[in-house]
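Novice: What follows is the file upload.txt, containing compact mmCIF, C-alpha atoms and all ligand atoms:
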# COMPACT_ATOMS: atom_id res chain seq x y z
CA MET A 1 -6.80 1.03 -11.28
CA ALA A 2 -9.55 1.99 -13.72
CA ASN A 3 -12.89 0.34 -13.02
CA LYS A 4 -14.67 2.28 -15.73
CA ILE A 5 -14.08 2.30 -19.47
CA LEU A 6 -15.63 4.58 -22.04
CA VAL A 7 -15.29 3.60 -25.70
CA LYS A 8 -16.06 6.51 -28.01
CA ASN A 9 -16.24 7.07 -31.78
CA ILE A 10 -17.55 3.59 -32.58
CA ARG A 11 -18.57 3.37 -36.23
CA SER A 12 -21.10 0.62 -35.39
CA LEU A 13 -21.95 -1.02 -32.11
CA VAL A 14 -22.95 -4.45 -33.40
CA GLN A 15 -25.40 -6.96 -31.86
CA VAL A 16 -26.80 -4.36 -29.51
CA GLU A 17 -29.95 -5.11 -27.49
CA ASN A 18 -32.21 -2.57 -25.84
CA ASP A 19 -35.07 -4.67 -24.61
CA LEU A 20 -35.00 -7.98 -22.81
CA PRO A 21 -31.88 -9.72 -24.12
CA ARG A 22 -32.58 -12.79 -26.23
CA LYS A 23 -31.15 -16.21 -25.36
CA LYS A 24 -30.73 -17.28 -28.99
CA VAL A 25 -31.78 -16.23 -32.49
CA ALA A 26 -33.48 -18.57 -34.96
CA GLY A 27 -34.63 -18.77 -38.58
CA ALA A 28 -35.34 -15.55 -40.48
CA GLU A 29 -34.44 -13.53 -37.33
CA MET A 30 -30.81 -14.53 -37.88
CA LYS A 31 -30.55 -12.13 -40.82
CA ASN A 32 -31.22 -9.30 -38.40
CA LEU A 33 -28.14 -7.96 -36.61
CA PRO A 34 -29.12 -4.86 -34.60
CA CYS A 35 -26.55 -2.02 -34.74
CA LEU A 36 -26.17 1.46 -33.32
CA HIS A 37 -24.10 3.71 -35.59
CA ASP A 38 -21.67 6.42 -34.45
CA ALA A 39 -21.88 5.18 -30.88
CA TRP A 40 -20.27 5.16 -27.43
CA LEU A 41 -20.20 2.38 -24.87
CA ALA A 42 -19.62 2.62 -21.12
CA VAL A 43 -18.32 -0.18 -18.89
CA GLU A 44 -18.48 -0.21 -15.11
CA ASP A 45 -17.20 -2.92 -12.76
CA GLY A 46 -16.84 -5.41 -15.59
CA LEU A 47 -20.38 -4.93 -16.91
CA ILE A 48 -21.87 -2.98 -19.79
CA ALA A 49 -23.31 0.08 -18.04
CA ASP A 50 -24.73 2.08 -20.94
CA PHE A 51 -24.41 3.02 -24.61
CA GLY A 52 -25.80 5.58 -27.01
CA THR A 53 -25.00 7.67 -30.07
CA MET A 54 -22.18 10.23 -30.10
CA VAL A 55 -24.58 13.09 -30.88
CA ASP A 56 -26.44 12.36 -27.66
CA PHE A 57 -23.31 11.71 -25.57
CA PRO A 58 -24.04 13.17 -22.13
CA GLY A 59 -20.37 14.04 -21.43
CA ILE A 60 -18.13 12.93 -18.60
CA THR A 61 -18.76 14.27 -15.14
CA ASP A 62 -16.67 11.85 -13.07
CA TRP A 63 -13.18 11.13 -14.42
CA SER A 64 -12.00 9.09 -11.42
CA GLY A 65 -10.92 5.57 -12.39
CA LEU A 66 -12.00 6.18 -15.98
CA GLN A 67 -10.11 4.86 -19.01
CA VAL A 68 -11.19 6.42 -22.31
CA ILE A 69 -10.63 4.41 -25.50
CA ASP A 70 -11.05 6.04 -28.89
CA ALA A 71 -12.38 3.36 -31.28
CA ASN A 72 -11.41 5.67 -34.09
CA GLU A 73 -14.26 4.54 -36.37
CA GLY A 74 -13.71 0.85 -35.66
CA LEU A 75 -16.64 -1.48 -34.98
CA VAL A 76 -17.45 -2.96 -31.57
CA LEU A 77 -18.78 -6.52 -31.46
CA PRO A 78 -19.47 -8.91 -28.60
CA CYS A 79 -16.55 -11.35 -28.47
CA TRP A 80 -16.89 -14.64 -30.29
CA CYS A 81 -18.25 -17.42 -28.08
CA ASP A 82 -16.43 -20.55 -29.24
CA SER A 83 -18.58 -23.39 -27.92
CA HIS A 84 -16.55 -26.36 -29.23
CA THR A 85 -12.78 -26.82 -28.91
CA HIS A 86 -10.20 -29.45 -27.97
CA ILE A 87 -7.31 -27.08 -27.17
CA VAL A 88 -5.71 -29.18 -24.43
CA TYR A 89 -3.39 -31.44 -26.43
CA ALA A 90 0.25 -32.43 -26.78
CA GLY A 91 2.24 -32.33 -30.01
CA SER A 92 0.72 -31.83 -33.43
CA ARG A 93 -0.43 -33.99 -36.37
CA GLU A 94 0.79 -32.31 -39.55
CA GLY A 95 1.93 -35.75 -40.78
CA GLU A 96 -1.72 -36.80 -41.04
CA PHE A 97 -2.46 -33.60 -42.94
CA VAL A 98 0.12 -34.67 -45.53
CA ASP A 99 -1.27 -38.25 -45.51
CA ARG A 100 -4.69 -36.87 -46.39
CA ILE A 101 -3.25 -34.75 -49.18
CA ASN A 102 -1.71 -37.97 -50.47
CA GLY A 103 -5.09 -39.67 -50.53
CA LEU A 104 -5.80 -41.27 -47.14
CA SER A 105 -9.12 -40.52 -45.44
CA TYR A 106 -9.59 -39.43 -41.79
CA GLN A 107 -11.01 -42.90 -41.06
CA GLU A 108 -8.12 -44.72 -42.77
CA ILE A 109 -5.63 -42.69 -40.74
CA ALA A 110 -7.56 -43.52 -37.55
CA GLU A 111 -7.57 -47.25 -38.43
CA ARG A 112 -3.76 -47.15 -38.63
CA GLY A 113 -3.55 -45.83 -35.06
CA GLY A 114 -3.42 -42.18 -36.10
CA GLY A 115 -6.13 -39.62 -35.34
CA ILE A 116 -7.48 -39.39 -31.81
CA LEU A 117 -5.37 -42.37 -30.61
CA ASN A 118 -2.25 -40.60 -31.89
CA SER A 119 -3.09 -37.54 -29.75
CA ALA A 120 -3.91 -39.82 -26.78
CA LYS A 121 -0.44 -41.40 -26.98
CA LYS A 122 1.21 -37.97 -27.07
CA LEU A 123 -0.94 -36.66 -24.22
CA ALA A 124 -0.15 -39.63 -21.95
CA GLY A 125 3.51 -38.53 -21.90
CA ALA A 126 2.84 -34.85 -21.20
CA SER A 127 2.75 -33.28 -17.73
CA GLU A 128 -0.13 -31.20 -16.42
CA ASP A 129 2.13 -28.14 -16.47
CA GLU A 130 3.12 -28.65 -20.12
CA LEU A 131 -0.50 -29.15 -21.14
CA PHE A 132 -1.57 -26.08 -19.17
CA GLU A 133 1.11 -23.84 -20.69
CA SER A 134 0.44 -24.87 -24.30
CA ALA A 135 -3.34 -24.58 -23.90
CA MET A 136 -2.97 -21.16 -22.24
CA GLN A 137 -0.88 -20.04 -25.18
CA ARG A 138 -3.70 -21.14 -27.54
CA ILE A 139 -6.20 -19.22 -25.39
CA ARG A 140 -4.06 -16.08 -25.69
CA GLU A 141 -3.85 -16.65 -29.45
CA VAL A 142 -7.63 -16.86 -29.89
CA ILE A 143 -8.33 -13.95 -27.53
CA ALA A 144 -6.19 -11.83 -29.85
CA GLN A 145 -8.52 -12.98 -32.65
CA GLY A 146 -11.63 -11.86 -30.78
CA THR A 147 -12.70 -14.94 -28.81
CA GLY A 148 -14.08 -14.04 -25.38
CA ALA A 149 -15.47 -17.36 -24.10
CA ILE A 150 -14.37 -20.89 -24.86
CA GLU A 151 -15.52 -24.45 -24.25
CA ILE A 152 -12.76 -27.06 -23.92
CA LYS A 153 -13.14 -30.84 -24.12
CA SER A 154 -11.13 -33.69 -22.68
CA GLY A 155 -11.05 -36.82 -24.88
CA TYR A 156 -7.35 -37.30 -25.64
CA GLY A 157 -6.93 -39.10 -22.31
CA LEU A 158 -9.02 -42.24 -22.83
CA SER A 159 -7.95 -43.64 -19.43
CA LEU A 160 -9.19 -42.63 -16.00
CA GLU A 161 -5.85 -41.06 -15.11
CA SER A 162 -5.37 -39.13 -18.36
CA GLU A 163 -8.98 -37.93 -18.63
CA LEU A 164 -8.69 -36.57 -15.07
CA LYS A 165 -5.36 -34.98 -16.00
CA MET A 166 -6.97 -33.18 -18.95
CA LEU A 167 -9.93 -32.01 -16.90
CA ARG A 168 -7.67 -30.74 -14.11
CA VAL A 169 -5.77 -28.76 -16.73
CA ILE A 170 -9.09 -27.32 -17.92
CA ARG A 171 -9.96 -26.44 -14.31
CA ARG A 172 -6.68 -24.52 -14.04
CA LEU A 173 -7.48 -22.76 -17.31
CA LYS A 174 -10.89 -21.81 -15.86
CA GLU A 175 -9.12 -20.26 -12.88
CA LYS A 176 -6.32 -18.54 -14.75
CA ALA A 177 -7.63 -17.58 -18.21
CA PRO A 178 -9.01 -14.05 -18.57
CA VAL A 179 -12.09 -15.39 -20.42
CA PRO A 180 -14.88 -17.72 -19.24
CA VAL A 181 -14.06 -21.39 -19.86
CA LYS A 182 -16.53 -24.32 -19.89
CA ALA A 183 -15.31 -27.88 -19.36
CA THR A 184 -16.60 -30.90 -21.24
CA PHE A 185 -15.82 -34.54 -20.45
CA LEU A 186 -15.35 -36.40 -23.75
CA GLY A 187 -14.20 -39.80 -22.54
CA ALA A 188 -16.30 -41.33 -25.33
CA HIS A 189 -14.10 -39.84 -28.07
CA ALA A 190 -12.57 -43.16 -29.22
CA VAL A 191 -12.05 -46.63 -27.80
CA PRO A 192 -8.47 -47.08 -26.53
CA LYS A 193 -6.55 -50.19 -27.64
CA THR A 194 -6.46 -51.39 -24.01
CA HIS A 195 -10.21 -52.04 -23.84
CA THR A 196 -13.11 -53.58 -25.73
CA LYS A 197 -15.79 -51.01 -26.43
CA GLU A 198 -18.09 -52.60 -23.87
CA ALA A 199 -15.39 -52.52 -21.17
CA TYR A 200 -14.48 -48.93 -22.03
CA ILE A 201 -18.09 -47.74 -21.77
CA LYS A 202 -18.28 -49.50 -18.39
CA LEU A 203 -15.12 -47.62 -17.34
CA ILE A 204 -16.64 -44.32 -18.45
CA ILE A 205 -19.88 -44.93 -16.60
CA GLU A 206 -18.66 -46.67 -13.48
CA GLU A 207 -15.31 -45.01 -12.85
CA MET A 208 -14.70 -41.88 -14.90
CA LEU A 209 -18.06 -40.14 -14.42
CA PRO A 210 -18.19 -40.63 -10.62
CA ALA A 211 -14.57 -39.43 -10.24
CA ILE A 212 -15.18 -36.38 -12.43
CA ALA A 213 -18.39 -35.53 -10.60
CA ALA A 214 -16.70 -35.95 -7.20
CA GLU A 215 -14.13 -33.29 -8.15
CA GLY A 216 -16.68 -31.13 -10.00
CA LEU A 217 -14.45 -31.17 -13.07
CA ALA A 218 -16.96 -30.91 -15.91
CA ASP A 219 -19.99 -28.89 -16.97
CA TYR A 220 -20.86 -31.04 -20.00
CA CYS A 221 -20.49 -34.61 -21.22
CA ASP A 222 -19.84 -35.28 -24.90
CA ALA A 223 -19.55 -38.39 -27.10
CA PHE A 224 -18.39 -38.96 -30.67
CA CYS A 225 -21.54 -40.60 -32.05
CA GLU A 226 -20.24 -42.10 -35.29
CA ASN A 227 -19.86 -45.37 -37.17
CA GLY A 228 -16.81 -47.10 -35.74
CA TYR A 229 -16.88 -44.94 -32.58
CA PHE A 230 -20.02 -44.80 -30.39
CA SER A 231 -23.47 -45.79 -31.66
CA LYS A 232 -26.66 -43.86 -31.02
CA ALA A 233 -27.67 -46.34 -28.28
CA GLU A 234 -24.23 -46.24 -26.63
CA THR A 235 -24.23 -42.44 -26.76
CA GLY A 236 -27.69 -42.36 -25.16
CA HIS A 237 -26.58 -44.75 -22.45
CA ILE A 238 -23.48 -42.65 -21.59
CA MET A 239 -25.54 -39.43 -21.56
CA GLU A 240 -28.15 -40.87 -19.21
CA ALA A 241 -25.34 -41.79 -16.80
CA ALA A 242 -23.75 -38.34 -17.19
CA LYS A 243 -27.06 -36.61 -16.41
CA LYS A 244 -27.31 -38.52 -13.12
CA HIS A 245 -24.02 -36.84 -12.18
CA GLY A 246 -25.34 -33.41 -13.13
CA LEU A 247 -23.50 -33.11 -16.46
CA VAL A 248 -25.39 -31.66 -19.42
CA PRO A 249 -25.10 -33.58 -22.74
CA LYS A 250 -23.42 -32.18 -25.86
CA ILE A 251 -22.88 -34.47 -28.87
CA HIS A 252 -20.47 -34.85 -31.83
CA ALA A 253 -23.18 -35.77 -34.34
CA GLU A 254 -23.49 -36.73 -38.02
CA GLN A 255 -19.94 -35.67 -38.95
CA LEU A 256 -18.68 -38.52 -41.17
CA SER A 257 -21.96 -40.38 -41.74
CA HIS A 258 -25.57 -40.34 -40.58
CA SER A 259 -25.24 -42.16 -37.26
CA GLY A 260 -28.18 -40.99 -35.14
CA GLY A 261 -26.29 -38.42 -33.09
CA VAL A 262 -28.94 -35.73 -33.49
CA GLU A 263 -31.67 -38.11 -32.38
CA ALA A 264 -29.56 -39.22 -29.41
CA GLY A 265 -28.87 -35.57 -28.56
CA VAL A 266 -32.48 -34.42 -28.77
CA ASP A 267 -33.64 -37.48 -26.79
CA CYS A 268 -31.33 -36.69 -23.87
CA GLY A 269 -31.93 -32.91 -23.96
CA ALA A 270 -28.44 -32.02 -25.21
CA ILE A 271 -27.55 -28.33 -25.08
CA SER A 272 -25.99 -28.71 -28.53
CA VAL A 273 -25.35 -31.18 -31.35
CA ASP A 274 -22.20 -30.36 -33.29
CA HIS A 275 -20.73 -30.96 -36.80
CA LEU A 276 -23.96 -31.98 -38.66
CA GLU A 277 -22.61 -32.63 -42.17
CA TYR A 278 -25.02 -35.59 -42.60
CA VAL A 279 -28.10 -34.10 -40.91
CA ASN A 280 -31.34 -35.10 -42.68
CA GLU A 281 -34.89 -33.75 -42.81
CA ASN A 282 -36.02 -35.93 -39.95
CA ASP A 283 -33.22 -34.53 -37.77
CA ILE A 284 -34.24 -30.99 -38.70
CA ALA A 285 -37.83 -31.76 -37.65
CA LEU A 286 -36.60 -33.21 -34.35
CA LEU A 287 -34.39 -30.19 -33.67
CA LYS A 288 -37.34 -27.87 -34.34
CA LYS A 289 -39.19 -29.40 -31.40
CA SER A 290 -36.18 -29.19 -29.07
CA ASN A 291 -34.08 -26.65 -27.20
CA THR A 292 -30.89 -28.16 -28.62
CA MET A 293 -28.59 -25.78 -30.53
CA PRO A 294 -27.29 -27.08 -33.88
CA VAL A 295 -23.59 -26.13 -34.15
CA VAL A 296 -21.56 -26.25 -37.35
CA LEU A 297 -17.76 -26.46 -37.37
CA PRO A 298 -16.65 -25.04 -40.72
CA GLY A 299 -12.92 -25.46 -39.95
CA ALA A 300 -13.12 -29.24 -39.47
CA GLN A 301 -15.42 -29.65 -42.47
CA PHE A 302 -12.99 -27.64 -44.63
CA PHE A 303 -9.82 -29.27 -43.31
CA LEU A 304 -11.12 -32.84 -43.76
CA SER A 305 -12.74 -32.02 -47.15
CA LEU A 306 -16.14 -33.21 -45.87
CA ILE A 307 -19.49 -32.40 -47.47
CA ASN A 308 -21.17 -29.14 -46.43
CA PRO A 309 -23.67 -29.42 -43.58
CA PRO A 310 -27.14 -28.18 -44.64
CA ALA A 311 -26.73 -24.97 -42.65
CA ARG A 312 -28.83 -22.88 -45.05
CA GLN A 313 -31.61 -25.45 -44.98
CA MET A 314 -31.56 -25.53 -41.17
CA ILE A 315 -31.92 -21.75 -40.87
CA ASP A 316 -34.59 -21.69 -43.58
CA ALA A 317 -36.48 -24.35 -41.62
CA GLY A 318 -36.59 -21.91 -38.69
CA LEU A 319 -33.76 -23.39 -36.63
CA PRO A 320 -31.09 -21.42 -34.78
CA LEU A 321 -27.48 -22.14 -35.76
CA ALA A 322 -24.17 -21.64 -33.97
CA ILE A 323 -20.65 -21.64 -35.39
CA ALA A 324 -17.60 -22.88 -33.44
CA SER A 325 -13.98 -23.56 -34.34
CA ASP A 326 -13.42 -27.18 -33.15
CA TYR A 327 -9.79 -26.07 -32.59
CA ASN A 328 -7.88 -29.38 -32.30
CA PRO A 329 -4.66 -30.93 -33.67
CA GLY A 330 -6.35 -33.34 -36.09
CA SER A 331 -9.39 -31.96 -37.86
CA SER A 332 -9.16 -28.19 -37.25
CA PRO A 333 -5.78 -26.81 -36.20
CA SER A 334 -7.17 -23.27 -36.08
CA GLY A 335 -9.26 -21.42 -33.54
CA ASN A 336 -9.63 -18.33 -35.69
CA MET A 337 -13.34 -17.56 -35.46
CA ASN A 338 -13.32 -14.85 -38.12
CA LEU A 339 -11.97 -17.45 -40.54
CA MET A 340 -14.75 -19.85 -39.45
CA LEU A 341 -17.28 -17.14 -40.33
CA SER A 342 -15.71 -16.66 -43.77
CA LEU A 343 -15.84 -20.40 -44.45
CA ALA A 344 -19.46 -20.61 -43.32
CA CYS A 345 -20.54 -17.63 -45.43
CA VAL A 346 -18.84 -18.85 -48.61
CA ASN A 347 -19.48 -22.59 -48.33
CA TYR A 348 -22.93 -22.64 -46.67
CA LYS A 349 -24.32 -19.48 -48.26
CA ILE A 350 -25.16 -17.84 -44.98
CA THR A 351 -24.90 -14.07 -44.71
CA PRO A 352 -22.37 -12.25 -42.52
CA ALA A 353 -25.24 -11.15 -40.23
CA GLU A 354 -26.35 -14.77 -39.82
CA ALA A 355 -22.77 -15.89 -39.23
CA ILE A 356 -22.18 -13.18 -36.59
CA ASN A 357 -25.40 -14.18 -34.79
CA ALA A 358 -24.20 -17.80 -34.98
CA ALA A 359 -20.80 -16.97 -33.46
CA THR A 360 -22.01 -14.62 -30.73
CA ILE A 361 -25.45 -15.04 -29.13
CA ASN A 362 -26.03 -18.59 -30.42
CA GLY A 363 -22.49 -19.65 -29.54
CA ALA A 364 -23.11 -18.29 -26.04
CA TYR A 365 -26.32 -20.37 -25.83
CA ALA A 366 -24.42 -23.52 -26.87
CA MET A 367 -22.17 -23.08 -23.83
CA GLY A 368 -24.78 -21.92 -21.34
CA LEU A 369 -23.63 -18.29 -21.33
CA SER A 370 -26.29 -16.41 -23.26
CA GLU A 371 -27.69 -14.71 -20.13
CA THR A 372 -24.38 -12.90 -19.68
CA HIS A 373 -22.50 -13.02 -22.99
CA GLY A 374 -23.01 -12.95 -26.76
CA SER A 375 -24.54 -9.49 -27.16
CA ILE A 376 -24.12 -5.87 -26.14
CA ALA A 377 -26.81 -5.28 -23.53
CA ARG A 378 -26.90 -3.25 -20.32
CA GLY A 379 -25.96 -5.47 -17.38
CA LYS A 380 -24.27 -8.12 -19.51
CA ALA A 381 -20.56 -8.85 -19.10
CA ALA A 382 -18.26 -6.34 -20.80
CA ASN A 383 -16.88 -8.89 -23.26
CA PHE A 384 -16.29 -7.27 -26.63
CA PHE A 385 -13.68 -6.43 -29.25
CA ILE A 386 -12.89 -3.29 -31.19
CA THR A 387 -11.88 -3.63 -34.83
CA GLN A 388 -9.62 -1.51 -36.96
CA PRO A 389 -11.56 1.06 -39.00
CA VAL A 390 -13.63 -0.99 -41.48
CA PRO A 391 -16.75 0.01 -43.47
CA ASN A 392 -19.26 -2.38 -41.83
CA TYR A 393 -19.67 -5.85 -40.30
CA ASP A 394 -19.94 -7.58 -43.71
CA PHE A 395 -16.30 -6.64 -44.11
CA LEU A 396 -15.19 -9.02 -41.33
CA PRO A 397 -15.90 -12.41 -42.99
CA TYR A 398 -15.21 -10.79 -46.38
CA ALA A 399 -11.64 -10.02 -45.32
CA PHE A 400 -10.88 -13.71 -44.73
CA GLY A 401 -7.46 -14.34 -43.24
CA SER A 402 -7.02 -10.68 -42.20
CA ASP A 403 -6.47 -9.76 -38.59
CA LEU A 404 -8.81 -6.83 -37.95
CA VAL A 405 -9.10 -7.06 -34.16
CA GLN A 406 -7.61 -3.96 -32.57
CA ALA A 407 -8.42 -4.50 -28.89
CA VAL A 408 -10.27 -7.04 -26.75
CA ILE A 409 -12.03 -6.07 -23.51
CA VAL A 410 -13.07 -8.84 -21.13
CA GLY A 411 -14.49 -8.34 -17.64
CA GLY A 412 -13.79 -4.64 -17.80
CA LYS A 413 -10.10 -5.07 -18.65
CA VAL A 414 -8.24 -4.61 -21.91
CA VAL A 415 -6.87 -8.14 -22.30
CA HIS A 416 -5.39 -7.63 -25.75
CA GLU A 417 -4.28 -4.60 -27.68
CA LYS A 418 -2.58 -4.58 -31.06
CA ASN A 419 0.52 -2.43 -31.22
O1 LIG A 501 -14.37 -32.67 -33.52
N1 LIG A 501 -14.84 -35.75 -34.50
C1 LIG A 501 -14.22 -36.06 -33.52
N2 LIG A 501 -13.39 -35.32 -32.81
C2 LIG A 501 -12.68 -34.19 -33.28
C3 LIG A 501 -11.44 -34.54 -33.97
C4 LIG A 501 -10.46 -35.05 -33.06
C5 LIG A 501 -9.15 -35.36 -33.68
O2 LIG A 501 -9.04 -35.74 -34.85
O3 LIG A 501 -8.21 -35.24 -32.89
C6 LIG A 501 -13.54 -33.29 -34.12
O4 LIG A 501 -13.39 -33.19 -35.35
FE FE A 502 -14.81 -31.82 -31.88
With the file now loaded, output its structure as structure tokens.
Specialist:
Amino acid sequence: MANKILVKNIRSLVQVENDLPRKKVAGAEMKNLPCLHDAWLAVEDGLIADFGTMVDFPGITDWSGLQVIDANEGLVLPCWCDSHTHIVYAGSREGEFVDRINGLSYQEIAERGGGILNSAKKLAGASEDELFESAMQRIREVIAQGTGAIEIKSGYGLSLESELKMLRVIRRLKEKAPVPVKATFLGAHAVPKTHTKEAYIKLIIEEMLPAIAAEGLADYCDAFCENGYFSKAETGHIMEAAKKHGLVPKIHAEQLSHSGGVEAGVDCGAISVDHLEYVNENDIALLKKSNTMPVVLPGAQFFLSLINPPARQMIDAGLPLAIASDYNPGSSPSGNMNLMLSLACVNYKITPAEAINAATINGAYAMGLSETHGSIARGKAANFFITQPVPNYDFLPYAFGSDLVQAVIVGGKVVHEKN
């Protein structure tokens, strides 16, 4: 079994770091995407051991256990770090897609019992095994598209039993998936018909959080802070309780209206605030003083025909920015990160370099992985993909909808290879 990999003839080794690796990139720095051209990369025991240019290649002295991969003038990039998904779900919701085309809004569909409650009904009838198999298939799908780390939320359970079921499925995915997985408890995704909001929040705080903490099922706690869902005060209250159980806050914020989610997130020290269509100047100022990563979800914004988040304005104000897919059956039935980059570049006027920073190092930060993932640095996890021969990294979001990933290497193993 090979425990060493050498990748040679790399047209560009992208997002490469020589000095102390950064934890995130912000503001004007985001335009800078360090590259080494005509390069090689060596992997040993699952970690990046070394890299350099082909002209200075020292040669191979020890061939034992070595696998040599010819990149054949393809690029090498750190895998996408997708810090926001809901890929554990049952069934699909293409009917709502058609309803929206015919004029209904996301909120109107939700008021008729569609939306999140629709997925909750479907999930209640699914077994842990079914949920595990379908989610694993989605993980394999996104790995083939270059994703190398993924955060997964609960939130289609909305009862103690079903939220635990979802989180146990995520725990199995953590154990079995070839890529790192982070688990987020999103009990506060919607209020189930069985409870008043007050009673449901009590259930989250008094029963769900202690049970989840007792089994160590979640890294993060999320809430949908939105008009008609959970207010800023309710979100804050839930997050304070979550923190007592050792869960780190992460918030669905300012997606459909300005609801105070960014303020709630910054107040409780959230690792990220996500969506951000309705972010205002005050929120930007608050984020500037925080360690919270702003995350945009271009797939959900596109699919629900929402307004653009002020991504350009946030970067110009000196903030970092991450991009994630929000892969879920309602608002973003795609986990294709390259497509998310294309949408962000075109709609938010951010450059490919900024988008790649947003989807690699900053995505890693938004899921607590930037010490080990999100860039090509000696000692970091070998977690990268090789593209087909393309001219440069601008070509990736430019070629929207194309599949340019040739091979994916995670933990020192080739986990996907295109025929
Ligand atoms: O991130 N905004 C709330 N939650 C999800 C959508 C969930 C759904 O519609 O199933 C989101 O867009
Ligand atoms: Fe979401």
Novice: Go through chain A and flag each residue having an atom no more than 7 Å from ligand LIG 501 (chain A); for those, report the closest pair of atoms plus their distance in Å to one decimal, using all atoms listed in the file, ordered by chain and rising number, as JSON lines.
Specialist:
{"residue": "A:Gly115", "atom": "CA", "partner": "A:LIG501", "partner_atom": "O2", "distance": 4.9}
{"residue": "A:Ile116", "atom": "CA", "partner": "A:LIG501", "partner_atom": "O3", "distance": 4.3}
{"residue": "A:Ser119", "atom": "CA", "partner": "A:LIG501", "partner_atom": "O3", "distance": 6.4}
{"residue": "A:His189", "atom": "CA", "partner": "A:LIG501", "partner_atom": "N2", "distance": 6.6}
{"residue": "A:Phe224", "atom": "CA", "partner": "A:LIG501", "partner_atom": "C1", "distance": 5.8}
{"residue": "A:His252", "atom": "CA", "partner": "A:LIG501", "partner_atom": "N1", "distance": 6.3}
{"residue": "A:Gln255", "atom": "CA", "partner": "A:LIG501", "partner_atom": "N1", "distance": 6.8}
{"residue": "A:Ala300", "atom": "CA", "partner": "A:LIG501", "partner_atom": "O4", "distance": 5.7}
{"residue": "A:Asp326", "atom": "CA", "partner": "A:LIG501", "partner_atom": "O1", "distance": 5.6}
{"residue": "A:Asn328", "atom": "CA", "partner": "A:LIG501", "partner_atom": "O3", "distance": 5.9}
{"residue": "A:Pro329", "atom": "CA", "partner": "A:LIG501", "partner_atom": "O3", "distance": 5.6}
{"residue": "A:Gly330", "atom": "CA", "partner": "A:LIG501", "partner_atom": "O2", "distance": 3.8}
{"residue": "A:Ser331", "atom": "CA", "partner": "A:LIG501", "partner_atom": "O2", "distance": 4.8}
{"residue": "A:Ser332", "atom": "CA", "partner": "A:LIG501", "partner_atom": "O4", "distance": 6.8}
Novice: Which polymer residues have any atom within 12 Å of an atom of stretch 196-211 of chain A, counting all atoms listed in the file, with same-chain residues fewer than 2 positions away left out, as an MDAnalysis selection string?
Specialist: chainID A and resid 154:155 157:165 167:168 184:194 213:223 228:231 233:247
Novice: Within 12 Å of (-25.3, -2.6, -16.3) in the file's own coordinates, which protein, DNA or RNA residues have an atom, counting all atoms listed in the file? List them as a list in words.
Specialist: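 Returned residue set, sorted by chain then number, is Lys4, Asn18, Leu41, Ala42, Val43, Glu44, Asp45, Gly46, Leu47, Ile48, Ala49, Asp50, Phe51, Thr372, Ile376, Ala377, Arg378, Gly379, Lys380, Ala381, Ala382 and Gly412 of chain A.
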Novice: Which residues are near stretch 348-350 of chain A? Cut-off 10 Å, all atoms listed in the file, ignore same chain within fewer than 4 positions. Put them as a list in words.
Specialist: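 Residues meeting the cut-off are Met30, Lys31, Pro298, Asn308, Pro309, Pro310, Ala311, Arg312, Gln313, Ile315, Leu341, Ser342, Leu343, Ala344, Glu354 and Ala355 of chain A.
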Novice: Using only C-alpha atoms and all ligand atoms, pick whichever of A:Ile307, A:Val273, A:Leu319, A:Ala359 has the shortest atom-to-atom distance to ligand FE 502 (chain A).
Specialist: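 That would be A:Val273, the residue with the smallest distance to ligand FE 502 (chain A).
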Novice: Can you pull out every residue within 9 Å of A:Gly265, counting only C-alpha atoms, but drop anything in the same chain fewer than 4 positions away, and send it as a list in words?
Specialist: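 Neighbouring residues, sequence-local ones excluded: Lys232, Thr235, Gly236, Met239, Pro249, Lys250, Ile251, Ala253, Gly260, Gly261, Gly269, Ala270, Ile271, Ser272, Val273 and Thr292 of chain A.
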Novice: Report the distance between atom CA of A:Leu286 and atom CA of A:Leu321 in Å, rounded to one decimal place.
Specialist: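 Distance reported for this atom pair: 14.4 Å.
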Novice: So, counting only C-alpha atoms, which residue among A:Asn357, A:Asn347, A:Ser325, A:Thr147 is closest to A:His84?
Specialist: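 Once distances to A:His84 are computed over only C-alpha atoms, the minimum belongs to A:Ser325.
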Novice: Could you give me, as a list in words, the residues within 6 Å of A:Leu77, counting all atoms listed in the file and dropping anything in the same chain fewer than 5 positions from it?
Specialist: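 Residues meeting the cut-off are Val14, Phe384 and Phe385 of chain A.
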Novice: Which distance in Å separates atom CA of A:Asn383 and atom CA of A:Arg172, to one decimal?
Specialist: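 Computing it gives 20.8 Å between the two atoms.
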Novice: Give me the residues within 10 Å of A:Gly95 as a ChimeraX atom specification, counting all atoms listed in the file and dropping any in the same chain fewer than 5 places off.
Specialist: /A:100-101,114,330
Novice: Find the distance between atom CA of A:Lys418 and atom CA of A:Trp80 and write it in Å to one decimal.
Specialist: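 Computing the Euclidean distance for atom CA of A:Lys418 and atom CA of A:Trp80 yields 17.5 Å.
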Novice: Have a look at A:Asn3, A:Ser83, A:Gln137, A:Thr53 and name the one nearest to A:Gly65; count only C-alpha atoms.
Specialist: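 Of A:Asn3, A:Ser83, A:Gln137, A:Thr53, the one nearest A:Gly65, counting only C-alpha atoms, is A:Asn3.
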Novice: When distances are computed from only C-alpha atoms and all ligand atoms, which of A:Ile170, A:Ala90, A:Leu20, A:Cys225 shows the smallest separation from ligand FE 502 (chain A)?
Specialist: A:Cys225
Novice: Could you tell me which of A:Glu17, A:Glu371, A:Glu254, A:Asp56 comes closest to ligand FE 502 (chain A) if we count all atoms listed in the file?
Specialist: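 Closest to ligand FE 502 (chain A), using all atoms listed in the file: A:Glu254.
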